[in-house]
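Here is final.txt, consisting of compact mmCIF, C-alpha atoms:
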# COMPACT_ATOMS: atom_id res chain seq x y z
CA MET A 16 -229.10 143.31 -39.39
CA SER A 17 -229.11 143.61 -43.16
CA THR A 18 -228.80 140.64 -45.49
CA ARG A 19 -227.33 141.14 -48.96
CA VAL A 20 -226.98 138.41 -51.58
CA ASN A 21 -225.19 139.30 -54.79
CA GLY A 22 -225.47 137.81 -58.27
CA ALA A 23 -229.16 138.37 -59.01
CA PRO A 24 -230.30 136.13 -61.87
CA PRO A 25 -231.15 137.51 -65.28
CA GLY A 26 -234.83 137.37 -66.13
CA THR A 27 -234.36 134.59 -68.65
CA GLU A 28 -233.17 132.02 -66.13
CA ALA A 29 -235.35 129.29 -64.65
CA GLY A 30 -238.04 130.64 -62.40
CA ALA A 31 -238.18 134.12 -63.91
CA PRO A 32 -241.82 135.04 -64.43
CA THR A 33 -243.33 135.97 -67.74
CA ALA A 34 -245.19 139.18 -68.53
CA ALA A 35 -247.85 139.95 -65.95
CA PHE A 36 -251.27 138.49 -66.67
CA PRO A 37 -253.39 140.02 -68.11
CA GLY A 38 -250.88 141.73 -70.39
CA ALA A 39 -249.97 140.73 -73.94
CA ARG A 40 -250.64 137.00 -74.32
CA THR A 41 -251.63 134.41 -76.85
CA THR A 42 -255.28 133.53 -77.39
CA THR A 43 -254.70 130.44 -75.24
CA GLN A 44 -253.55 132.49 -72.26
CA GLU A 45 -256.25 135.10 -72.80
CA LEU A 46 -258.91 132.41 -72.85
CA LEU A 47 -257.58 130.88 -69.64
CA GLY A 48 -257.49 134.31 -68.04
CA LEU A 49 -261.15 134.88 -68.84
CA LEU A 50 -262.21 131.50 -67.51
CA ILE A 51 -260.30 131.89 -64.26
CA SER A 52 -261.47 135.45 -63.62
CA GLN A 53 -265.05 135.31 -64.93
CA GLY A 54 -266.03 131.68 -64.51
CA PRO A 55 -267.58 129.29 -67.08
CA GLN A 56 -268.15 130.80 -70.52
CA SER A 57 -269.65 129.59 -73.78
CA ARG A 58 -267.42 129.41 -76.84
CA SER A 59 -269.46 132.15 -78.48
CA ALA A 60 -269.08 134.46 -75.50
CA LEU A 61 -265.33 133.83 -75.41
CA ALA A 62 -265.03 134.56 -79.12
CA ASP A 63 -266.90 137.85 -78.71
CA THR A 64 -264.80 138.95 -75.74
CA LEU A 65 -261.49 137.96 -77.35
CA HIS A 66 -262.46 139.41 -80.75
CA VAL A 67 -261.53 136.19 -82.53
CA SER A 68 -263.53 133.71 -84.55
CA ARG A 69 -265.49 130.95 -82.89
CA ALA A 70 -263.38 128.49 -84.91
CA ARG A 71 -260.27 129.88 -83.23
CA VAL A 72 -261.82 129.43 -79.80
CA THR A 73 -262.82 125.89 -80.74
CA ASP A 74 -259.25 125.05 -81.78
CA VAL A 75 -257.73 126.50 -78.62
CA SER A 76 -260.32 124.92 -76.33
CA ARG A 77 -259.78 121.52 -77.95
CA GLU A 78 -256.08 121.69 -77.02
CA LEU A 79 -256.93 122.67 -73.46
CA LEU A 80 -259.59 119.97 -73.15
CA ASP A 81 -257.11 117.37 -74.40
CA ALA A 82 -254.57 118.58 -71.85
CA GLY A 83 -257.15 118.31 -69.08
CA LEU A 84 -256.83 121.96 -68.02
CA ILE A 85 -260.43 122.83 -68.88
CA VAL A 86 -263.68 120.87 -68.90
CA GLU A 87 -267.09 121.22 -70.51
CA THR A 88 -270.05 121.91 -68.25
CA GLN A 89 -273.72 121.84 -69.18
CA THR A 90 -276.34 124.32 -68.00
CA ALA A 91 -280.06 123.77 -68.42
CA PRO A 92 -281.68 126.23 -70.83
CA GLN A 93 -283.85 128.96 -69.37
CA ARG A 94 -287.00 127.92 -71.24
CA ARG A 95 -290.48 127.02 -70.21
CA GLN A 96 -290.91 123.40 -69.15
CA GLY A 97 -287.12 122.93 -69.36
CA LYS A 98 -287.16 122.06 -73.03
CA GLY A 99 -284.30 122.67 -75.44
CA ARG A 100 -280.67 121.65 -75.66
CA PRO A 101 -278.49 122.38 -72.61
CA PHE A 102 -275.92 125.16 -72.90
CA VAL A 103 -272.30 123.97 -73.02
CA HIS A 104 -269.78 126.13 -71.19
CA LEU A 105 -266.03 125.85 -70.76
CA ALA A 106 -264.47 126.06 -67.31
CA VAL A 107 -261.03 125.68 -65.80
CA ASP A 108 -260.70 122.34 -64.04
CA ALA A 109 -259.64 123.49 -60.59
CA ARG A 110 -258.35 119.98 -59.84
CA TYR A 111 -255.76 120.18 -62.60
CA GLY A 112 -253.09 121.28 -60.17
CA ALA A 113 -252.23 123.31 -57.08
CA CYS A 114 -250.28 126.48 -56.40
CA LEU A 115 -248.34 127.37 -53.27
CA GLY A 116 -248.51 130.86 -51.80
CA ILE A 117 -245.99 132.11 -49.25
CA SER A 118 -246.16 135.37 -47.31
CA VAL A 119 -243.16 136.52 -45.30
CA THR A 120 -242.95 138.95 -42.40
CA ASP A 121 -240.18 139.66 -39.92
CA SER A 122 -241.60 137.10 -37.48
CA ARG A 123 -243.29 134.34 -39.46
CA VAL A 124 -243.86 132.53 -42.74
CA HIS A 125 -247.42 131.67 -43.79
CA LEU A 126 -247.80 128.98 -46.47
CA LEU A 127 -251.07 128.22 -48.23
CA LEU A 128 -251.93 125.66 -50.91
CA THR A 129 -254.82 126.40 -53.30
CA ASP A 130 -256.36 124.82 -56.36
CA LEU A 131 -256.77 126.79 -59.59
CA SER A 132 -260.05 128.30 -58.38
CA GLY A 133 -258.34 129.82 -55.36
CA ALA A 134 -259.90 127.38 -52.89
CA VAL A 135 -257.63 126.69 -49.92
CA GLN A 136 -256.54 123.07 -49.61
CA ALA A 137 -254.03 123.31 -46.76
CA GLU A 138 -252.08 125.96 -44.86
CA GLN A 139 -249.39 126.33 -42.23
CA THR A 140 -247.77 129.14 -40.24
CA VAL A 141 -244.12 128.86 -39.20
CA PRO A 142 -242.77 131.33 -36.61
CA SER A 143 -239.37 132.46 -37.81
CA ALA A 144 -237.01 135.41 -37.95
CA VAL A 145 -236.44 134.93 -41.64
CA GLU A 146 -233.10 134.91 -43.42
CA PRO A 147 -233.16 133.92 -47.11
CA GLN A 148 -231.72 130.43 -46.71
CA ALA A 149 -233.95 129.75 -43.71
CA LEU A 150 -236.94 130.64 -45.87
CA VAL A 151 -235.80 128.23 -48.59
CA ASP A 152 -235.50 125.45 -46.01
CA ILE A 153 -238.98 126.20 -44.66
CA VAL A 154 -240.47 126.08 -48.17
CA GLN A 155 -238.84 122.73 -48.90
CA ARG A 156 -240.08 121.14 -45.67
CA SER A 157 -243.53 122.69 -45.50
CA SER A 158 -244.49 122.22 -49.15
CA THR A 159 -244.17 118.45 -48.76
CA ARG A 160 -246.24 118.53 -45.56
CA LEU A 161 -248.99 120.65 -47.17
CA LEU A 162 -249.20 118.43 -50.24
CA ASP A 163 -249.51 115.35 -48.03
CA THR A 164 -252.21 117.03 -45.92
CA ALA A 165 -254.22 117.99 -49.00
CA GLY A 166 -253.64 114.66 -50.73
CA VAL A 167 -252.11 116.39 -53.74
CA PRO A 168 -249.38 114.54 -55.66
CA ARG A 169 -246.09 116.40 -55.86
CA GLN A 170 -246.30 116.39 -59.67
CA ARG A 171 -249.43 118.55 -59.49
CA LEU A 172 -247.74 121.45 -57.72
CA LEU A 173 -247.56 123.91 -60.61
CA SER A 174 -246.03 127.12 -59.33
CA ILE A 175 -244.95 129.02 -56.20
CA GLY A 176 -245.81 132.61 -55.33
CA LEU A 177 -243.91 134.66 -52.75
CA ALA A 178 -245.22 137.93 -51.31
CA LEU A 179 -243.33 140.30 -49.04
CA SER A 180 -243.35 143.99 -48.18
CA GLY A 181 -240.86 146.27 -49.88
CA PHE A 182 -239.47 146.94 -53.33
CA VAL A 183 -239.11 143.94 -55.62
CA ASP A 184 -237.92 143.36 -59.16
CA ARG A 185 -240.61 140.96 -60.28
CA ASP A 186 -239.02 140.17 -63.64
CA ARG A 187 -235.75 139.04 -62.04
CA GLY A 188 -237.33 137.68 -58.85
CA VAL A 189 -235.13 139.90 -56.67
CA CYS A 190 -236.06 141.59 -53.40
CA LEU A 191 -234.36 144.95 -53.93
CA HIS A 192 -235.08 146.29 -50.46
CA SER A 193 -237.37 145.27 -47.61
CA ALA A 194 -237.06 147.47 -44.53
CA ASN A 195 -239.16 145.03 -42.49
CA LEU A 196 -237.00 142.01 -43.37
CA GLY A 197 -233.64 143.79 -43.66
CA TRP A 198 -233.11 142.31 -47.12
CA HIS A 199 -231.18 143.99 -49.94
CA ASP A 200 -230.71 142.58 -53.46
CA VAL A 201 -231.78 139.03 -52.55
CA PRO A 202 -232.52 136.78 -55.59
CA ILE A 203 -235.02 134.85 -53.49
CA ALA A 204 -237.13 133.51 -56.38
CA GLN A 205 -234.10 131.87 -57.95
CA LEU A 206 -233.06 130.36 -54.60
CA ILE A 207 -236.50 128.78 -54.14
CA THR A 208 -236.62 127.56 -57.75
CA GLN A 209 -233.21 125.95 -57.40
CA ALA A 210 -234.33 124.17 -54.23
CA THR A 211 -237.76 123.03 -55.45
CA GLY A 212 -237.44 122.83 -59.23
CA LEU A 213 -240.62 124.89 -59.56
CA PRO A 214 -241.17 128.30 -61.19
CA THR A 215 -241.33 130.91 -58.44
CA VAL A 216 -242.74 134.40 -58.83
CA LEU A 217 -241.97 137.21 -56.40
CA GLU A 218 -244.31 140.13 -55.81
CA ASN A 219 -244.86 142.99 -53.41
CA ASP A 220 -247.49 141.86 -50.89
CA ALA A 221 -250.01 144.61 -51.71
CA ASN A 222 -249.75 143.85 -55.43
CA ALA A 223 -250.27 140.17 -54.70
CA ALA A 224 -253.33 140.96 -52.56
CA ALA A 225 -254.77 143.12 -55.36
CA THR A 226 -254.22 140.28 -57.82
CA SER A 227 -256.15 137.97 -55.50
CA GLU A 228 -259.03 140.43 -55.30
CA LYS A 229 -259.05 140.77 -59.09
CA LEU A 230 -258.97 137.03 -59.75
CA PHE A 231 -261.07 135.62 -56.94
CA GLY A 232 -262.34 138.46 -54.74
CA LEU A 233 -264.44 141.62 -54.60
CA ALA A 234 -262.84 143.26 -57.64
CA ARG A 235 -263.44 140.51 -60.21
CA ASP A 236 -265.75 142.71 -62.29
CA THR A 237 -263.82 145.96 -61.75
CA GLN A 238 -261.30 147.31 -64.25
CA ASN A 239 -260.02 150.29 -62.25
CA PHE A 240 -259.55 149.96 -58.51
CA THR A 241 -257.17 150.73 -55.69
CA LEU A 242 -256.50 148.34 -52.84
CA ILE A 243 -255.41 149.69 -49.46
CA THR A 244 -254.20 147.21 -46.83
CA LEU A 245 -254.18 148.05 -43.13
CA GLY A 246 -251.37 145.84 -41.89
CA ALA A 247 -248.31 146.43 -39.75
CA SER A 248 -247.44 148.71 -42.67
CA ILE A 249 -249.88 150.48 -45.00
CA GLY A 250 -250.02 148.78 -48.40
CA CYS A 251 -251.43 150.01 -51.68
CA ALA A 252 -251.84 148.66 -55.22
CA HIS A 253 -253.61 149.86 -58.35
CA TYR A 254 -255.41 148.12 -61.19
CA VAL A 255 -255.83 150.37 -64.23
CA GLY A 256 -257.72 149.17 -67.30
CA GLY A 257 -257.84 145.65 -65.87
CA GLN A 258 -254.06 145.46 -65.43
CA LEU A 259 -251.90 145.73 -62.35
CA TYR A 260 -250.00 149.00 -62.51
CA ARG A 261 -246.45 148.73 -61.16
CA GLY A 262 -244.90 151.96 -62.41
CA SER A 263 -241.70 152.14 -64.42
CA HIS A 264 -239.60 150.19 -61.89
CA GLY A 265 -242.19 148.36 -59.78
CA GLY A 266 -242.58 150.98 -57.05
CA ALA A 267 -246.12 152.21 -57.76
CA GLY A 268 -248.40 152.17 -54.73
CA GLU A 269 -245.76 152.84 -52.06
CA ILE A 270 -247.98 155.27 -50.16
CA ALA A 271 -246.59 153.95 -46.86
CA HIS A 272 -243.61 156.23 -47.47
CA SER A 273 -245.52 159.29 -48.60
CA THR A 274 -244.52 162.22 -46.38
CA VAL A 275 -247.50 163.35 -44.31
CA ASP A 276 -245.74 165.00 -41.36
CA LEU A 277 -242.81 167.25 -42.24
CA GLY A 278 -240.08 166.72 -39.67
CA GLY A 279 -242.03 163.88 -38.06
CA GLN A 280 -240.81 160.59 -36.67
CA VAL A 281 -238.04 158.65 -38.40
CA CYS A 282 -239.40 155.81 -40.52
CA LEU A 283 -237.75 152.42 -41.13
CA CYS A 284 -237.00 153.67 -44.65
CA GLY A 285 -234.83 156.47 -43.22
CA LYS A 286 -237.17 159.36 -44.08
CA ARG A 287 -239.15 161.39 -41.57
CA GLY A 288 -242.90 161.72 -41.30
CA CYS A 289 -243.96 158.85 -43.58
CA LEU A 290 -247.56 157.68 -43.55
CA ASP A 291 -246.36 154.48 -41.89
CA THR A 292 -245.20 156.46 -38.85
CA VAL A 293 -248.73 157.78 -38.27
CA ALA A 294 -251.40 155.41 -39.59
CA SER A 295 -250.00 151.87 -39.69
CA ARG A 296 -250.93 149.29 -37.08
CA ALA A 297 -247.40 149.42 -35.68
CA ALA A 298 -247.49 153.24 -35.43
CA LEU A 299 -250.87 153.29 -33.70
CA LEU A 300 -249.78 150.75 -31.10
CA GLU A 301 -246.50 152.59 -30.56
CA ALA A 302 -248.39 155.85 -30.05
CA ALA A 303 -250.71 154.09 -27.62
CA ALA A 304 -247.76 152.78 -25.58
CA GLU A 305 -246.20 156.25 -25.47
CA ALA A 306 -249.53 157.62 -24.22
CA GLY A 307 -249.57 155.06 -21.40
CA LEU A 308 -252.31 152.86 -22.84
CA GLN A 309 -252.02 149.15 -22.08
CA VAL A 310 -253.28 147.70 -25.36
CA GLY A 311 -251.91 144.86 -27.46
CA SER A 312 -253.97 145.24 -30.63
CA VAL A 313 -255.85 147.85 -32.61
CA GLY A 314 -259.06 146.10 -31.56
CA GLU A 315 -258.23 146.85 -27.92
CA LEU A 316 -257.32 150.42 -28.88
CA GLU A 317 -260.72 150.78 -30.59
CA ARG A 318 -262.48 149.42 -27.51
CA ALA A 319 -260.66 151.92 -25.30
CA ALA A 320 -261.81 154.71 -27.61
CA SER A 321 -265.40 153.44 -27.58
CA HIS A 322 -265.30 153.55 -23.77
CA GLY A 323 -264.37 157.22 -23.85
CA ASP A 324 -260.58 157.19 -23.52
CA ALA A 325 -259.52 160.53 -25.03
CA ARG A 326 -255.97 159.31 -25.70
CA ALA A 327 -257.17 156.37 -27.79
CA GLN A 328 -259.64 158.58 -29.63
CA ALA A 329 -256.96 161.14 -30.53
CA ILE A 330 -254.58 158.44 -31.85
CA LEU A 331 -257.23 156.76 -33.98
CA ARG A 332 -258.64 160.04 -35.31
CA ARG A 333 -255.23 161.29 -36.35
CA GLY A 334 -254.35 158.05 -38.11
CA GLY A 335 -257.71 157.87 -39.88
CA GLN A 336 -257.53 161.50 -40.99
CA VAL A 337 -254.03 161.24 -42.41
CA LEU A 338 -254.71 158.02 -44.30
CA GLY A 339 -258.05 159.38 -45.47
CA LEU A 340 -256.35 162.42 -46.98
CA VAL A 341 -253.85 160.21 -48.82
CA ILE A 342 -256.67 158.07 -50.22
CA ALA A 343 -258.65 161.18 -51.19
CA ASN A 344 -255.66 162.35 -53.22
CA ILE A 345 -255.49 158.95 -54.94
CA VAL A 346 -259.18 159.23 -55.86
CA GLN A 347 -258.62 162.73 -57.22
CA SER A 348 -255.61 161.57 -59.27
CA ASN A 349 -256.78 158.19 -60.58
CA GLU A 350 -260.60 158.24 -60.35
CA PRO A 351 -260.92 154.50 -59.60
CA GLU A 352 -264.29 152.77 -59.68
CA LEU A 353 -263.53 151.22 -56.32
CA VAL A 354 -261.29 151.80 -53.32
CA LEU A 355 -261.12 148.50 -51.50
CA ILE A 356 -259.78 148.72 -47.95
CA ALA A 357 -258.66 145.36 -46.60
CA ASP A 358 -258.50 145.08 -42.81
CA PRO A 359 -256.34 142.17 -41.62
CA SER A 360 -255.64 143.94 -38.30
CA GLY A 361 -259.07 143.88 -36.65
CA PHE A 362 -260.00 147.57 -36.76
CA GLY A 363 -263.66 146.69 -37.23
CA GLN A 364 -266.14 149.48 -37.95
CA GLY A 365 -264.64 151.68 -35.27
CA LEU A 366 -263.37 155.22 -34.94
CA PHE A 367 -260.35 154.79 -37.24
CA LEU A 368 -262.36 153.65 -40.26
CA THR A 369 -265.25 156.00 -39.52
CA THR A 370 -262.81 158.93 -39.48
CA LEU A 371 -261.12 157.63 -42.62
CA ARG A 372 -264.42 157.45 -44.53
CA HIS A 373 -265.49 160.93 -43.46
CA THR A 374 -262.11 162.37 -44.40
CA ILE A 375 -262.25 160.85 -47.88
CA GLU A 376 -265.81 162.05 -48.46
CA ASN A 377 -265.01 165.58 -47.24
CA ASN A 378 -261.91 165.96 -49.40
CA ILE A 379 -262.89 164.76 -52.86
CA LEU A 380 -264.97 166.52 -55.47
CA PRO A 381 -268.71 165.73 -55.23
CA ARG A 382 -268.69 164.04 -58.65
CA PHE A 383 -266.26 161.42 -57.32
CA LEU A 384 -268.66 160.59 -54.49
CA ARG A 385 -271.09 159.32 -57.12
CA THR A 386 -268.57 157.34 -59.17
CA THR A 387 -266.14 155.87 -56.61
CA ARG A 388 -267.21 153.17 -54.17
CA ILE A 389 -265.38 152.90 -50.85
CA GLU A 390 -265.62 149.39 -49.44
CA VAL A 391 -264.05 147.97 -46.30
CA HIS A 392 -263.82 144.29 -45.58
CA ALA A 393 -262.20 142.32 -42.80
CA VAL A 394 -259.84 139.68 -44.17
CA PRO A 395 -258.58 136.47 -42.52
CA ASP A 396 -255.11 135.71 -41.32
CA GLY A 397 -254.26 133.94 -44.58
CA PHE A 398 -255.01 137.03 -46.69
CA TRP A 399 -251.37 137.68 -47.65
CA ALA A 400 -250.57 134.04 -48.42
CA ARG A 401 -253.74 133.79 -50.52
CA GLY A 402 -252.46 136.75 -52.51
CA ALA A 403 -249.16 134.94 -53.02
CA ALA A 404 -251.01 131.84 -54.23
CA SER A 405 -252.94 134.04 -56.66
CA ILE A 406 -249.77 135.33 -58.28
CA ALA A 407 -248.59 131.73 -58.56
CA THR A 408 -251.84 130.98 -60.41
CA HIS A 409 -251.14 134.01 -62.58
CA GLN A 410 -247.66 132.70 -63.28
CA PHE A 411 -248.92 129.34 -64.41
CA LEU A 412 -251.75 130.64 -66.59
CA SER A 413 -249.73 133.41 -68.21
CA SER A 414 -246.91 131.03 -69.15
CA TYR A 415 -249.06 128.05 -70.11
CA ALA A 416 -248.13 126.52 -73.47
CA PRO A 417 -250.43 124.20 -75.46
CA ASP A 418 -247.94 121.35 -75.34
CA HIS A 419 -248.42 121.02 -71.56
CA THR A 420 -249.93 117.76 -70.48
CA ARG A 421 -251.95 116.91 -67.41
CA PRO A 422 -249.65 116.60 -64.39
CA ALA A 423 -248.87 113.07 -63.36
CA GLY A 424 -251.11 111.77 -60.63
CA GLU A 425 -254.35 113.25 -61.96
CA GLY A 426 -257.12 110.72 -61.78
CA ASP A 427 -254.94 108.20 -59.97

Encoded form (structure tokens):
Amino acid sequence: MSTRVNGAPPGTEAGAPTAAFPGARTTTQELLGLLISQGPQSRSALADTLHVSRARVTDVSRELLDAGLIVETQTAPQRRQGKGRPFVHLAVDARYGACLGISVTDSRVHLLLTDLSGAVQAEQTVPSAVEPQALVDIVQRSSTRLLDTAGVPRQRLLSIGLALSGFVDRDRGVCLHSANLGWHDVPIAQLITQATGLPTVLENDANAAATSEKLFGLARDTQNFTLITLGASIGCAHYVGGQLYRGSHGGAGEIAHSTVDLGGQVCLCGKRGCLDTVASRAALLEAAAEAGLQVGSVGELERAASHGDARAQAILRRGGQVLGLVIANIVQSNEPELVLIADPSGFGQGLFLTTLRHTIENNILPRFLRTTRIEVHAVPDGFWARGAASIATHQFLSSYAPDHTRPAGEGD
């Protein structure tokens, strides 16, 4: 069943996010972005990176210190016998406030509360076939429970991030179309903001995951990378020049619906032969069932292949080859420093990923083999919700104004 909600809010209404960090910002927001992504920095280092005077950094940091958002830390000098004055660095005070991340699938809602360093403070999973209003109700109930569990005062909840698969209008906070959820034109960010009174930012789940990797994960020091996610659907997001690339209307990275099999199976999007119908977790398990294999996860499918089952081997090889070719084309087109493959499905280092790696290596120019790293890492169940919390952190930092004051309850 499809859900349609009309009357999407204009981007200037409450809860509409600002320009995506790290885009055009004031020195204050740029400084915060550096501290959150690169850790403690000296005033001189910040001035050099931001191309402003040290006096400007001093003025901005004084405002942030007074507000309680950053703190000074001291590091012992690297000199013989430990002599000399300690180095003073600035750092974001992670205790300043918390952000709530919410990931939504067709069967559950995962909520995760983090501090400003990305550390998880509390989390909860709610099984649910999600309709928009049901999601709003879950957020209202569960946010209170998570804050109580973490011992965080309500006043210190700064922002909410929501991640889901499909096409979203981030500026207006509208889910334009999610095949998995059956949503069309749902102004879900506004609905959550109206219910909670908190700014809510909506993002595609792969983009949110890439933001998390850029802020707190394996891509912190990487300016150009592509993230591939191996979930029920194949996700993809790109960072170019240190900025998340969304395309002209937010649809960049939708490789799940790239045609890889002309005249192939019908996809949820209505097209035939999409990558999702061949290489996604759902497609692999469906192919296994059609082949008569009794498996309930890709891990079990990998084990069957490792024990010599030719059916399992053929399914995994085909999926790995097709996805590998798509990634090889991305490398040829974008030349990223890093292709980060996140595995929340439990593939492990089995036949699928081995085939994928070999396919990439065999189908890109040799020069790209030397300049593009391919890294795979298993990610926990809260991976998507952590991404949502990261975009909430983005939202807060990119919209922070110097007249903010420390949230009530701090130091109580």

Rounded to one decimal place, report the CA of Leu353 in chain A-CA of His392 in chain A distance in Å.
-> 12.8 Å

Compile the contact shell of Ala403 in chain A as a PyMOL selection string: residues with an atom at most 6 Å away, counting all atoms listed in the file, same-chain residues fewer than 6 positions apart removed.
-> chain A and resi 116-117+176-178+223

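Among the candidate residues A:Ser174, A:Val103, A:Val189, A:Ile243, the one lying nearest to Thr129 in chain A is A:Ser174, with distances computed using all atoms listed in the file.
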
Would you please work out which residue, of A:His66, A:Arg333, A:Arg185, A:Arg326, is nearest to Gln410 in chain A when using all atoms listed in the file?
-> A:Arg185

Please produce, as CSV, a per-residue contact table for range 219-324 of chain A versus range 42-60 of chain A (criterion: any atom at most 8 Å away, all atoms listed in the file considered), showing the nearest atom pair and its distance in Å to one decimal, sorted by chain then residue number.
residue,atom,partner,partner_atom,distance
A:Lys229,CA,A:Ser52,CA,7.4
A:Leu230,CA,A:Ser52,CA,4.9
A:Phe231,CA,A:Ser52,CA,6.7
A:Arg235,CA,A:Ser52,CA,6.4
A:Asp236,CA,A:Gln53,CA,7.9

Nearby residues (all atoms listed in the file) at most 8 Å from Asp184 in chain A, same-chain spacing under 3 positions excluded, as a PyMOL selection string | chain A and resi 187-191+217-218+264-265

Have a look at A:His104, A:Val151, A:Ser263, A:Thr120 and name the one nearest to Asp220 in chain A; count only C-alpha atoms.
-> A:Thr120

Can you tell me, as a CSV table (one decimal) with C-alpha atoms, in the frame of the given file, what residues are no more than 12 Å from Ala70 in chain A when counting all atoms listed in the file, ignoring any on the same chain fewer than 5 positions away?
chain,number,residue,atom,x,y,z
A,58,ARG,CA,-267.4,129.4,-76.8
A,59,SER,CA,-269.5,132.2,-78.5
A,61,LEU,CA,-265.3,133.8,-75.4
A,62,ALA,CA,-265.0,134.6,-79.1
A,63,ASP,CA,-266.9,137.8,-78.7
A,75,VAL,CA,-257.7,126.5,-78.6
A,76,SER,CA,-260.3,124.9,-76.3
A,77,ARG,CA,-259.8,121.5,-78.0

CA of Leu366 in chain A and CA of His322 in chain A, how far apart in Å?
->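 Computing it gives 11.5 Å between the two atoms.
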
Judged by all atoms listed in the file, the minimum distance to Leu84 in chain A among A:Ala416, A:Leu277, A:Ala204, A:Val341 is found for A:Ala416

So what do you get for CA of Asp130 in chain A versus CA of Leu79 in chain A, distance-wise?
->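 So the answer is 17.2 Å.
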
Can you tell me, as a list in words, what residues are no more than 6 Å from range 334-340 of chain A when counting all atoms listed in the file, ignoring any on the same chain fewer than 2 positions away?
->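 Close residues of range 334-340 of chain A: Val293, Ala294, Leu331, Arg332, Ile342, Ala343, Phe367, Thr370, Leu371, Thr374 and Ile375 of chain A.
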
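For the choices A:Gly197, A:Gly363, A:Gly250, A:Gly285, the atom-to-atom distance to Ala271 in chain A is smallest for A:Gly250 when using all atoms listed in the file.
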
Tell me which of A:Ala113, A:Val67, A:Leu206, A:Ala221 sits closest to Leu161 in chain A, counting only C-alpha atoms.
-> A:Ala113

Write out as a count of residues only which residues come within 9 Å of Ala252 in chain A when counting all atoms listed in the file, dropping same-chain ones fewer than 5 positions away.
-> 16

Return the padded bounding box of range 72-88 of chain A as AutoDock Vina command-line options: axis-aligned, built from all atoms listed in the file, 3 Å added on each side, with centre and edge lengths in Å to one decimal.
--center_x -262.3 --center_y 123.4 --center_z -74.9 --size_x 21.5 --size_y 18.1 --size_z 19.8
